[in-house]
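J.: The following file, protein00.txt, comprises compact mmCIF, C-alpha atoms and all ligand atoms:
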# COMPACT_ATOMS: atom_id res chain seq x y z
CA MET A 1 11.00 2.00 -0.74
CA LEU A 2 8.15 1.00 -3.03
CA PRO A 3 6.51 3.41 -5.41
CA THR A 4 3.07 4.07 -3.95
CA ASP A 5 1.26 2.59 -6.95
CA PHE A 6 2.68 -0.87 -6.33
CA ALA A 7 0.39 -3.39 -4.69
CA LEU A 8 2.83 -6.27 -4.59
CA GLN A 9 6.52 -6.87 -5.10
CA VAL A 10 8.03 -10.34 -4.89
CA ARG A 11 11.76 -10.88 -5.08
CA GLY A 12 13.74 -14.09 -5.39
CA VAL A 13 11.19 -16.42 -3.86
CA THR A 14 12.38 -20.00 -3.60
CA LYS A 15 10.59 -23.01 -2.18
CA SER A 16 11.33 -26.72 -1.97
CA PHE A 17 9.23 -29.58 -0.71
CA GLY A 18 11.94 -32.01 0.47
CA ALA A 19 14.17 -32.66 -2.53
CA ASN A 20 11.63 -31.17 -4.94
CA THR A 21 12.54 -27.56 -5.71
CA VAL A 22 9.31 -25.97 -6.86
CA LEU A 23 10.15 -22.24 -7.00
CA ARG A 24 13.60 -21.20 -8.18
CA GLY A 25 13.77 -17.48 -7.61
CA ILE A 26 10.51 -15.84 -8.64
CA ASP A 27 10.11 -12.06 -9.06
CA LEU A 28 6.66 -10.60 -9.47
CA ASP A 29 5.41 -7.02 -9.63
CA VAL A 30 1.75 -6.15 -9.44
CA PRO A 31 0.82 -2.49 -9.81
CA ARG A 32 -2.14 -1.33 -7.77
CA GLY A 33 -5.46 -1.94 -9.51
CA LYS A 34 -4.00 -4.35 -12.05
CA VAL A 35 -4.65 -8.00 -12.82
CA VAL A 36 -1.79 -10.46 -13.23
CA ALA A 37 -2.50 -13.96 -14.56
CA LEU A 38 -0.11 -16.78 -13.70
CA ILE A 39 -0.18 -19.45 -16.38
CA GLY A 40 1.92 -22.51 -17.11
CA PRO A 41 1.87 -26.29 -17.22
CA SER A 42 0.62 -28.34 -14.31
CA GLY A 43 3.32 -28.65 -11.67
CA SER A 44 5.18 -25.50 -12.73
CA GLY A 45 4.75 -23.92 -9.28
CA LYS A 46 1.90 -21.46 -9.91
CA THR A 47 -0.23 -22.46 -6.94
CA THR A 48 2.77 -22.63 -4.63
CA MET A 49 3.72 -19.11 -5.73
CA LEU A 50 0.19 -17.84 -5.13
CA ARG A 51 -0.01 -19.48 -1.72
CA SER A 52 3.35 -17.95 -0.80
CA LEU A 53 1.81 -14.51 -1.23
CA ASN A 54 -0.32 -14.92 1.86
CA GLY A 55 1.64 -17.34 3.94
CA LEU A 56 -0.28 -20.51 3.10
CA GLU A 57 3.15 -21.69 1.99
CA ILE A 58 6.28 -20.30 3.62
CA PRO A 59 9.04 -19.53 1.10
CA ASP A 60 12.55 -20.75 1.92
CA ALA A 61 14.07 -17.46 0.73
CA GLY A 62 13.18 -14.22 -0.98
CA SER A 63 10.80 -11.46 0.01
CA VAL A 64 7.15 -10.56 -0.36
CA THR A 65 6.16 -6.91 -0.03
CA VAL A 66 2.60 -5.65 -0.07
CA GLY A 67 2.32 -1.95 -0.87
CA ALA A 68 0.66 0.66 1.26
CA GLY A 69 -3.15 0.48 1.36
CA ALA A 70 -4.81 3.00 -0.93
CA THR A 71 -7.84 3.59 1.26
CA SER A 72 -6.95 1.81 4.50
CA GLY A 73 -3.91 3.97 5.21
CA LEU A 74 -1.93 0.81 6.05
CA PRO A 75 1.81 1.15 5.51
CA ALA A 76 3.71 -1.16 3.18
CA LEU A 77 4.54 -4.55 4.68
CA SER A 78 7.63 -6.49 3.74
CA VAL A 79 8.51 -10.02 4.83
CA ASP A 80 12.05 -11.15 4.13
CA PHE A 81 12.15 -14.94 4.25
CA SER A 82 15.92 -14.99 3.69
CA THR A 83 16.58 -13.44 7.08
CA PRO A 84 16.21 -16.00 9.86
CA VAL A 85 13.90 -14.94 12.68
CA SER A 86 12.37 -16.79 15.62
CA LYS A 87 9.39 -19.04 14.98
CA LYS A 88 7.17 -16.63 16.87
CA ALA A 89 8.37 -13.59 14.90
CA ARG A 90 7.84 -15.45 11.61
CA ALA A 91 4.33 -16.45 12.66
CA GLU A 92 3.56 -12.80 13.39
CA GLN A 93 4.93 -11.72 10.02
CA ILE A 94 2.84 -14.37 8.26
CA SER A 95 -0.26 -13.31 10.12
CA LEU A 96 0.24 -9.67 9.06
CA LEU A 97 0.86 -10.78 5.47
CA ARG A 98 -2.27 -12.91 5.49
CA ASP A 99 -4.37 -9.94 6.64
CA ARG A 100 -3.51 -8.05 3.46
CA SER A 101 -4.98 -10.51 0.96
CA ALA A 102 -7.83 -12.95 0.50
CA MET A 103 -7.74 -16.21 -1.40
CA VAL A 104 -10.44 -17.73 -3.60
CA PHE A 105 -9.82 -21.46 -3.80
CA GLN A 106 -10.32 -23.95 -6.58
CA GLN A 107 -12.54 -26.11 -4.36
CA TYR A 108 -14.34 -23.10 -2.79
CA ASN A 109 -13.36 -24.24 0.75
CA LEU A 110 -16.62 -23.04 2.30
CA PHE A 111 -17.39 -24.21 5.83
CA PRO A 112 -19.97 -26.97 5.20
CA HIS A 113 -21.73 -26.59 8.57
CA MET A 114 -22.31 -22.84 8.15
CA THR A 115 -24.88 -21.00 6.08
CA VAL A 116 -23.83 -18.77 3.22
CA LEU A 117 -24.13 -15.68 5.39
CA GLN A 118 -22.20 -17.27 8.25
CA ASN A 119 -19.43 -18.25 5.83
CA VAL A 120 -19.15 -14.69 4.59
CA ILE A 121 -19.18 -12.93 7.96
CA GLU A 122 -16.96 -15.38 9.86
CA GLY A 123 -13.62 -13.72 8.95
CA PRO A 124 -14.68 -10.08 9.31
CA VAL A 125 -16.45 -10.72 12.64
CA GLN A 126 -14.26 -13.37 14.31
CA VAL A 127 -10.84 -12.43 12.95
CA GLN A 128 -11.13 -8.75 12.09
CA LYS A 129 -13.42 -8.06 15.07
CA ARG A 130 -15.63 -5.74 13.06
CA PRO A 131 -19.18 -4.94 14.26
CA ARG A 132 -21.48 -7.82 13.38
CA GLU A 133 -24.44 -5.74 12.17
CA GLU A 134 -22.27 -3.68 9.85
CA VAL A 135 -20.62 -6.81 8.44
CA ILE A 136 -24.01 -8.50 7.87
CA ALA A 137 -25.26 -5.47 5.94
CA GLU A 138 -22.15 -5.49 3.76
CA ALA A 139 -22.36 -9.23 3.25
CA GLU A 140 -25.98 -9.00 2.15
CA ALA A 141 -25.13 -6.26 -0.34
CA LEU A 142 -22.25 -8.32 -1.75
CA LEU A 143 -24.44 -11.44 -2.03
CA ALA A 144 -27.07 -9.41 -3.88
CA ARG A 145 -24.40 -8.16 -6.24
CA VAL A 146 -23.51 -11.68 -7.34
CA GLY A 147 -27.16 -12.74 -7.58
CA LEU A 148 -27.27 -14.76 -4.36
CA ALA A 149 -29.39 -12.61 -2.04
CA ASP A 150 -31.93 -15.41 -1.71
CA LYS A 151 -29.25 -17.97 -0.74
CA ARG A 152 -28.18 -16.20 2.42
CA ASP A 153 -29.55 -18.91 4.72
CA SER A 154 -28.71 -21.90 2.51
CA TYR A 155 -25.91 -24.32 3.23
CA PRO A 156 -23.08 -24.89 0.74
CA PHE A 157 -24.36 -28.38 -0.19
CA GLU A 158 -27.61 -26.80 -1.38
CA LEU A 159 -25.77 -24.66 -3.95
CA SER A 160 -24.33 -25.40 -7.37
CA GLY A 161 -20.56 -25.20 -7.81
CA GLY A 162 -20.89 -21.85 -9.55
CA GLN A 163 -22.98 -20.48 -6.68
CA GLN A 164 -20.51 -21.84 -4.12
CA GLN A 165 -17.65 -20.16 -5.92
CA ARG A 166 -19.53 -16.86 -6.01
CA VAL A 167 -19.93 -17.20 -2.24
CA GLY A 168 -16.17 -17.89 -2.11
CA ILE A 169 -15.58 -14.61 -3.94
CA VAL A 170 -17.97 -12.69 -1.69
CA ARG A 171 -16.26 -14.16 1.36
CA ALA A 172 -12.93 -12.85 0.05
CA LEU A 173 -14.38 -9.40 -0.73
CA ALA A 174 -15.96 -9.12 2.72
CA LEU A 175 -12.45 -9.10 4.19
CA LYS A 176 -11.71 -5.87 2.27
CA PRO A 177 -8.27 -7.12 1.30
CA GLN A 178 -5.66 -5.16 -0.61
CA LEU A 179 -5.09 -8.14 -2.88
CA LEU A 180 -7.44 -10.78 -4.22
CA LEU A 181 -5.76 -14.09 -4.98
CA PHE A 182 -7.52 -16.66 -7.17
CA ASP A 183 -6.33 -20.25 -7.44
CA GLU A 184 -7.85 -21.70 -10.61
CA PRO A 185 -11.27 -20.39 -9.58
CA THR A 186 -13.20 -22.14 -12.35
CA SER A 187 -11.40 -25.42 -12.84
CA SER A 188 -13.75 -27.40 -10.55
CA LEU A 189 -16.84 -26.08 -12.30
CA ASP A 190 -19.00 -27.68 -14.96
CA PRO A 191 -18.43 -25.81 -18.22
CA GLU A 192 -21.88 -24.16 -18.19
CA LEU A 193 -21.16 -22.62 -14.78
CA VAL A 194 -17.78 -21.14 -15.66
CA ASP A 195 -19.02 -17.98 -17.36
CA ASP A 196 -21.03 -16.70 -14.38
CA VAL A 197 -17.98 -16.88 -12.17
CA LEU A 198 -15.67 -15.34 -14.77
CA ALA A 199 -18.15 -12.49 -15.25
CA VAL A 200 -17.97 -11.67 -11.53
CA ILE A 201 -14.17 -11.69 -11.61
CA LYS A 202 -14.18 -9.48 -14.69
CA GLU A 203 -16.43 -6.97 -12.96
CA LEU A 204 -14.06 -6.84 -10.01
CA ALA A 205 -11.15 -6.17 -12.35
CA GLU A 206 -13.08 -3.31 -13.93
CA GLU A 207 -13.75 -1.91 -10.47
CA GLY A 208 -10.03 -1.70 -9.87
CA TRP A 209 -9.35 -4.58 -7.51
CA THR A 210 -5.75 -5.77 -7.56
CA MET A 211 -5.72 -9.44 -8.42
CA VAL A 212 -3.35 -12.33 -9.00
CA ILE A 213 -5.06 -15.21 -10.77
CA VAL A 214 -3.76 -18.69 -11.46
CA THR A 215 -5.77 -19.87 -14.42
CA HIS A 216 -5.98 -22.34 -17.27
CA GLU A 217 -8.54 -20.16 -19.01
CA LEU A 218 -6.26 -18.47 -21.50
CA ALA A 219 -9.09 -16.75 -23.35
CA PHE A 220 -10.17 -15.24 -20.06
CA ALA A 221 -6.60 -14.23 -19.19
CA ARG A 222 -6.28 -12.58 -22.59
CA GLN A 223 -9.46 -10.58 -22.03
CA MET A 224 -8.81 -9.29 -18.57
CA ALA A 225 -5.20 -9.65 -17.41
CA ASP A 226 -3.00 -6.59 -17.63
CA GLU A 227 0.02 -8.84 -17.44
CA VAL A 228 0.51 -12.53 -18.07
CA VAL A 229 3.34 -14.41 -16.36
CA PHE A 230 4.25 -17.77 -17.86
CA MET A 231 5.93 -20.15 -15.42
CA ASP A 232 7.60 -23.45 -16.15
CA GLY A 233 9.78 -25.55 -13.89
CA GLY A 234 9.67 -23.06 -11.03
CA VAL A 235 10.94 -20.07 -13.03
CA VAL A 236 9.26 -17.24 -14.90
CA VAL A 237 9.96 -18.01 -18.54
CA GLU A 238 8.19 -15.01 -20.02
CA ARG A 239 6.06 -12.11 -18.89
CA GLY A 240 4.40 -9.15 -20.50
CA PRO A 241 1.09 -7.71 -21.61
CA ALA A 242 -1.51 -10.40 -22.29
CA SER A 243 -1.63 -9.42 -25.96
CA GLN A 244 2.08 -10.13 -26.28
CA VAL A 245 2.55 -13.29 -24.20
CA LEU A 246 -0.59 -15.02 -25.46
CA ARG A 247 -0.56 -13.84 -29.07
CA LYS A 248 3.11 -13.41 -29.87
CA PRO A 249 5.11 -15.33 -27.29
CA GLN A 250 8.86 -14.99 -27.69
CA GLU A 251 10.01 -18.11 -25.86
CA GLU A 252 9.69 -21.57 -27.34
CA ARG A 253 8.22 -23.05 -24.15
CA THR A 254 5.54 -20.36 -24.04
CA GLN A 255 4.75 -20.86 -27.71
CA ALA A 256 4.25 -24.60 -27.23
CA PHE A 257 2.04 -24.08 -24.17
CA VAL A 258 -0.12 -21.38 -25.72
CA ARG A 259 -0.50 -23.31 -28.97
CA ARG A 260 -1.84 -26.31 -27.04
CA LEU A 261 -4.40 -24.34 -25.04
CA LEU A 262 -5.69 -21.50 -27.18
P1 LIG A 301 0.93 -25.75 -10.42
O1 LIG A 301 0.03 -24.86 -9.64
O2 LIG A 301 1.71 -25.01 -11.47
O3 LIG A 301 0.25 -26.95 -10.98
P2 LIG A 301 2.00 -26.47 -7.86
O4 LIG A 301 2.55 -25.24 -7.24
O5 LIG A 301 0.67 -26.93 -7.42
O6 LIG A 301 2.04 -26.30 -9.44
O7 LIG A 301 3.00 -27.68 -7.64
C1 LIG A 301 4.36 -27.61 -8.00
C2 LIG A 301 5.07 -28.84 -7.45
O8 LIG A 301 5.09 -28.77 -6.04
C3 LIG A 301 4.42 -30.16 -7.80
O9 LIG A 301 5.45 -31.07 -8.09
C4 LIG A 301 3.70 -30.55 -6.54
O10 LIG A 301 3.61 -31.93 -6.41
C5 LIG A 301 4.58 -29.96 -5.47
N1 LIG A 301 3.86 -29.60 -4.25
C6 LIG A 301 2.92 -28.62 -4.15
N2 LIG A 301 2.47 -28.53 -2.88
C7 LIG A 301 3.12 -29.47 -2.17
C8 LIG A 301 3.10 -29.88 -0.78
N3 LIG A 301 2.31 -29.27 0.10
N4 LIG A 301 3.92 -30.88 -0.42
C9 LIG A 301 4.75 -31.49 -1.31
N5 LIG A 301 4.81 -31.16 -2.61
C10 LIG A 301 4.01 -30.15 -3.05
As C-alpha cells, how would this structure be written, given the file I've shared?
T.:
Amino acid sequence: MLPTDFALQVRGVTKSFGANTVLRGIDLDVPRGKVVALIGPSGSGKTTMLRSLNGLEIPDAGSVTVGAGATSGLPALSVDFSTPVSKKARAEQISLLRDRSAMVFQQYNLFPHMTVLQNVIEGPVQVQKRPREEVIAEAEALLARVGLADKRDSYPFELSGGQQQRVGIVRALALKPQLLLFDEPTSSLDPELVDDVLAVIKELAEEGWTMVIVTHELAFARQMADEVVFMDGGVVVERGPASQVLRKPQEERTQAFVRRLL
C-alpha cells in the first residue's frame, strides 16, 4: 500500500528495443506536489522512462503505480508489467494509466488543423466526455493565464514556438491530470523563447502540481526540482536534492556530466 502522499512509485522498470536494452531496472518515487527532474546524457533512457509512465512506451517488466488522487478521489492505480496478462487487459491497464497523467512534448505535438482552443478542449470533451461549455470556459481561463487569450482562434502555424509550447502546457492542464510529464519542453525553442515557457512551468511547480521533467536545463532544474535523478546507460546513477546532485555530485559520471553543462 502506498503512503497517501505519494504521487508516483516506479519499481524495476526495464525496456529493450530489440537488442538495445534502454532501461535496466529503474526505481522512481515522486511525492505528491513535488518536482522531479530527470537528467543525463543523450541516449541514457530518460525519454523512454518518461513515456513509460503513461503507456506511450510499454515496459518489459517492473511496475508503475500512481497514487490516489488528492482532489479527484481516484484510488491508487498500479500496473505490473512483469505479470503477463491478455493483450486486451494490458490495453485497458494502459488506458487507465494514461488517464492519470498528461504529457508536454518537445515538439509541442499540437493538431495542426485545429485552432488553439480546439486543441485544448479536444481531450477533455472527446475523451473525458466533459461538458463542452464548461471545458471551453476553463480553457479560456488557462489560455489567459499563460498570456494567450487573444490566440484562442489562431492555428498552431500562426504561433511562435514558445506560444505553441504554452498551448501544449495548457492542453495538458485542461485534462486535470494527477501528474504532469514534460519531455525536454524547451529544447526545440529559440533561446529567447525559453524563459517564458520555463516561467510557466515554475509557476505550476509553485502551485503544487506534481511533475516529472526531462530536461537539459540544469540551471532550471537546480532552481525548481525537489529531486534530481541522474541517469546513464539505462540506470539511475545518482539521485537526491537538486542542491546535492547538481552542486556536490558524489558519482564520477554525474560529476563529469554536470561539469560539462553547468
Ligand atoms: P534520452 O531521452 O536519455 O536521450 P531515449 O530514451 O530517448 O534517451 O533513448 C534511449 C535509447 O533508446 C536510444 O538508444 C534510442 O535510440 C533508443 N530508442 C528510443 N526510442 C526508441 C524506439 N521507439 N525504437 C527503437 N529505439 C528507441
J.: Using Å and a single decimal, report how far CA of Glu158 in chain A sits from CA of Trp209 in chain A.
T.: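 Answer for the CA of Trp209 in chain A to CA of Glu158 in chain A separation: 29.4 Å.
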J.: Given only C-alpha atoms as the basis, pick out the residue of A:Ser160, A:Thr254, A:Gln165, A:Thr210 nearest to Phe6 in chain A.
T.: A:Thr210
J.: Would you pick out the contacts of range 181-188 of chain A at 9 Å or less, using only C-alpha atoms, so that residues sharing its chain but fewer than 4 positions from it are not included, and give the list as a ChimeraX atom specification?
T.: /A:46-47,50-51,53-54,101-108,161-162,165,169,172,193-195,197-198,210-217
J.: With all atoms listed in the file as the basis for distance, which of A:Leu173, A:Ala19, A:Leu189, A:Ala149 is at the shortest distance from ligand LIG 301 (chain A)?
T.: A:Ala19
J.: Using all atoms listed in the file, determine which residues lie at most 10 Å from Arg32 in chain A, disregarding the query and same-chain residues fewer than 4 positions distant; provide the list as a JSON list (two decimals) with C-alpha atoms, keeping the file's coordinate frame.
T.:
[["chain", "number", "residue", "atom", "x", "y", "z"],
["A", 4, "THR", "CA", 3.07, 4.07, -3.95],
["A", 5, "ASP", "CA", 1.26, 2.59, -6.95],
["A", 6, "PHE", "CA", 2.68, -0.87, -6.33],
["A", 7, "ALA", "CA", 0.39, -3.39, -4.69],
["A", 8, "LEU", "CA", 2.83, -6.27, -4.59],
["A", 67, "GLY", "CA", 2.32, -1.95, -0.87],
["A", 68, "ALA", "CA", 0.66, 0.66, 1.26],
["A", 69, "GLY", "CA", -3.15, 0.48, 1.36],
["A", 70, "ALA", "CA", -4.81, 3.00, -0.93],
["A", 178, "GLN", "CA", -5.66, -5.16, -0.61],
["A", 179, "LEU", "CA", -5.09, -8.14, -2.88],
["A", 208, "GLY", "CA", -10.03, -1.70, -9.87],
["A", 209, "TRP", "CA", -9.35, -4.58, -7.51],
["A", 210, "THR", "CA", -5.75, -5.77, -7.56],
["A", 211, "MET", "CA", -5.72, -9.44, -8.42]]
J.: List the spatial neighbours of Arg11 in chain A as a PyMOL selection string - criterion: any atom at most 7 Å away, all atoms listed in the file, same-chain residues fewer than 3 positions off excluded.
T.: chain A and resi 26-28+62-64
J.: Any idea what's packed within 12 Å of Val79 in chain A, counting all atoms listed in the file, ignoring anything in its chain fewer than 4 positions away? Could you give it as a PyMOL selection string?
T.: chain A and resi 8-11+13+52-55+58-67+83-85+89-98
J.: Write out as a list in words each polymer residue (protein, DNA or RNA) that has an atom no more than 7 Å from ligand LIG 301 (chain A), with only C-alpha atoms and all ligand atoms counted.
T.: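 Residues satisfying the distance criterion: Phe17, Asn20, Val22, Gly40, Pro41, Ser42, Gly43, Ser44, Gly45, Lys46, Thr47, Thr48 and Met49 of chain A.
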J.: I'd like the contact shell of Gln164 in chain A - 9 Å cut-off, all atoms listed in the file, skipping same-chain residues fewer than 6 positions apart - returned as a PyMOL selection string.
T.: chain A and resi 108-110+116+156-157
J.: Around all the atoms of range 241-252 of chain A listed in the file, draw an axis-aligned box and extend it by 8 Å on each of the six sides; I want its centre and edge lengths in Å to one decimal, as lines of an AutoDock Vina configuration file.
T.:
center_x = 4.2
center_y = -14.6
center_z = -25.7
size_x = 27.6
size_y = 29.9
size_z = 24.3
J.: What does the distance between CA of Val228 in chain A and CA of Asp99 in chain A come to in Å, to one decimal place?
T.: 25.3 Å
J.: Taking all atoms listed in the file into account, which of A:Leu204, A:Ala141, A:Leu159, A:Leu175 comes nearest Gly123 in chain A?
T.: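 With all atoms listed in the file as the atom set, the closest residue is A:Leu175.
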J.: Looking at all atoms listed in the file, which of A:Glu192, A:Thr14, A:Arg132, A:Val200 is the one that sits closest to Arg145 in chain A?
T.: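 Nearest candidate to Arg145 in chain A out of A:Glu192, A:Thr14, A:Arg132, A:Val200: A:Val200.
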J.: Restricting the calculation to all atoms listed in the file: of A:Leu56, A:Leu180, A:Leu246, A:Ile121, which residue gets closest to Gln223 in chain A?
T.: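 Nearest to Gln223 in chain A: A:Leu246.
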J.: Using Å and a single decimal, report how far CA of Arg130 in chain A sits from CA of Arg152 in chain A.
T.: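 Here the two named atoms are 19.5 Å from each other.
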J.: Could you pull out every residue with an atom within 9 Å of (-5.4, -11.4, -19.2), file coordinates, counting all atoms listed in the file, and send them as a list in words?
T.: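 Residues satisfying the cut-off, written out: Val35, Val36, Ala37, Leu218, Ala219, Phe220, Ala221, Arg222, Gln223, Met224, Ala225, Asp226, Glu227, Val228, Pro241, Ala242, Ser243 and Leu246 of chain A.
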J.: For range 241-259 of chain A in the structure I just supplied, write out N, CA and C atoms - as an mmCIF file, in the first residue's frame.
T.:
data_model
loop_
_atom_site.group_PDB
_atom_site.id
_atom_site.type_symbol
_atom_site.label_atom_id
_atom_site.label_comp_id
_atom_site.auth_asym_id
_atom_site.auth_seq_id
_atom_site.Cartn_x
_atom_site.Cartn_y
_atom_site.Cartn_z
ATOM 1 N N PRO A 241 18.458 15.635 -3.549
ATOM 2 C CA PRO A 241 18.023 17.024 -3.700
ATOM 3 C C PRO A 241 18.852 17.705 -4.781
ATOM 4 N N ALA A 242 18.229 18.639 -5.499
ATOM 5 C CA ALA A 242 18.928 19.322 -6.592
ATOM 6 C C ALA A 242 20.236 19.931 -6.103
ATOM 7 N N SER A 243 20.208 20.515 -4.911
ATOM 8 C CA SER A 243 21.408 21.183 -4.388
ATOM 9 C C SER A 243 22.560 20.187 -4.260
ATOM 10 N N GLN A 244 22.233 18.946 -3.934
ATOM 11 C CA GLN A 244 23.295 17.959 -3.770
ATOM 12 C C GLN A 244 23.772 17.417 -5.125
ATOM 13 N N VAL A 245 22.835 16.933 -5.942
ATOM 14 C CA VAL A 245 23.238 16.246 -7.179
ATOM 15 C C VAL A 245 23.903 17.213 -8.156
ATOM 16 N N LEU A 246 23.419 18.455 -8.194
ATOM 17 C CA LEU A 246 23.972 19.395 -9.175
ATOM 18 C C LEU A 246 25.170 20.191 -8.635
ATOM 19 N N ARG A 247 25.250 20.336 -7.329
ATOM 20 C CA ARG A 247 26.368 21.122 -6.785
ATOM 21 C C ARG A 247 27.478 20.254 -6.223
ATOM 22 N N LYS A 248 27.083 19.141 -5.593
ATOM 23 C CA LYS A 248 28.101 18.274 -4.986
ATOM 24 C C LYS A 248 27.855 16.816 -5.353
ATOM 25 N N PRO A 249 27.866 16.511 -6.655
ATOM 26 C CA PRO A 249 27.598 15.126 -7.035
ATOM 27 C C PRO A 249 28.654 14.177 -6.459
ATOM 28 N N GLN A 250 28.174 12.986 -6.090
ATOM 29 C CA GLN A 250 29.076 12.018 -5.459
ATOM 30 C C GLN A 250 29.727 11.101 -6.484
ATOM 31 N N GLU A 251 28.975 10.797 -7.548
ATOM 32 C CA GLU A 251 29.455 9.814 -8.525
ATOM 33 C C GLU A 251 30.245 10.501 -9.632
ATOM 34 N N GLU A 252 31.276 9.791 -10.079
ATOM 35 C CA GLU A 252 32.158 10.368 -11.098
ATOM 36 C C GLU A 252 31.403 10.722 -12.387
ATOM 37 N N ARG A 253 30.485 9.824 -12.794
ATOM 38 C CA ARG A 253 29.745 10.073 -14.041
ATOM 39 C C ARG A 253 28.867 11.317 -13.918
ATOM 40 N N THR A 254 28.284 11.509 -12.736
ATOM 41 C CA THR A 254 27.461 12.708 -12.532
ATOM 42 C C THR A 254 28.353 13.945 -12.549
ATOM 43 N N GLN A 255 29.490 13.831 -11.891
ATOM 44 C CA GLN A 255 30.402 14.990 -11.835
ATOM 45 C C GLN A 255 30.801 15.428 -13.235
ATOM 46 N N ALA A 256 31.144 14.462 -14.086
ATOM 47 C CA ALA A 256 31.586 14.795 -15.443
ATOM 48 C C ALA A 256 30.452 15.457 -16.223
ATOM 49 N N PHE A 257 29.242 14.917 -16.065
ATOM 50 C CA PHE A 257 28.085 15.447 -16.799
ATOM 51 C C PHE A 257 27.754 16.869 -16.357
ATOM 52 N N VAL A 258 27.705 17.066 -15.059
ATOM 53 C CA VAL A 258 27.328 18.365 -14.506
ATOM 54 C C VAL A 258 28.393 19.410 -14.850
ATOM 55 N N ARG A 259 29.645 19.001 -14.792
ATOM 56 C CA ARG A 259 30.735 19.930 -15.101
ATOM 57 C C ARG A 259 30.604 20.430 -16.542
#
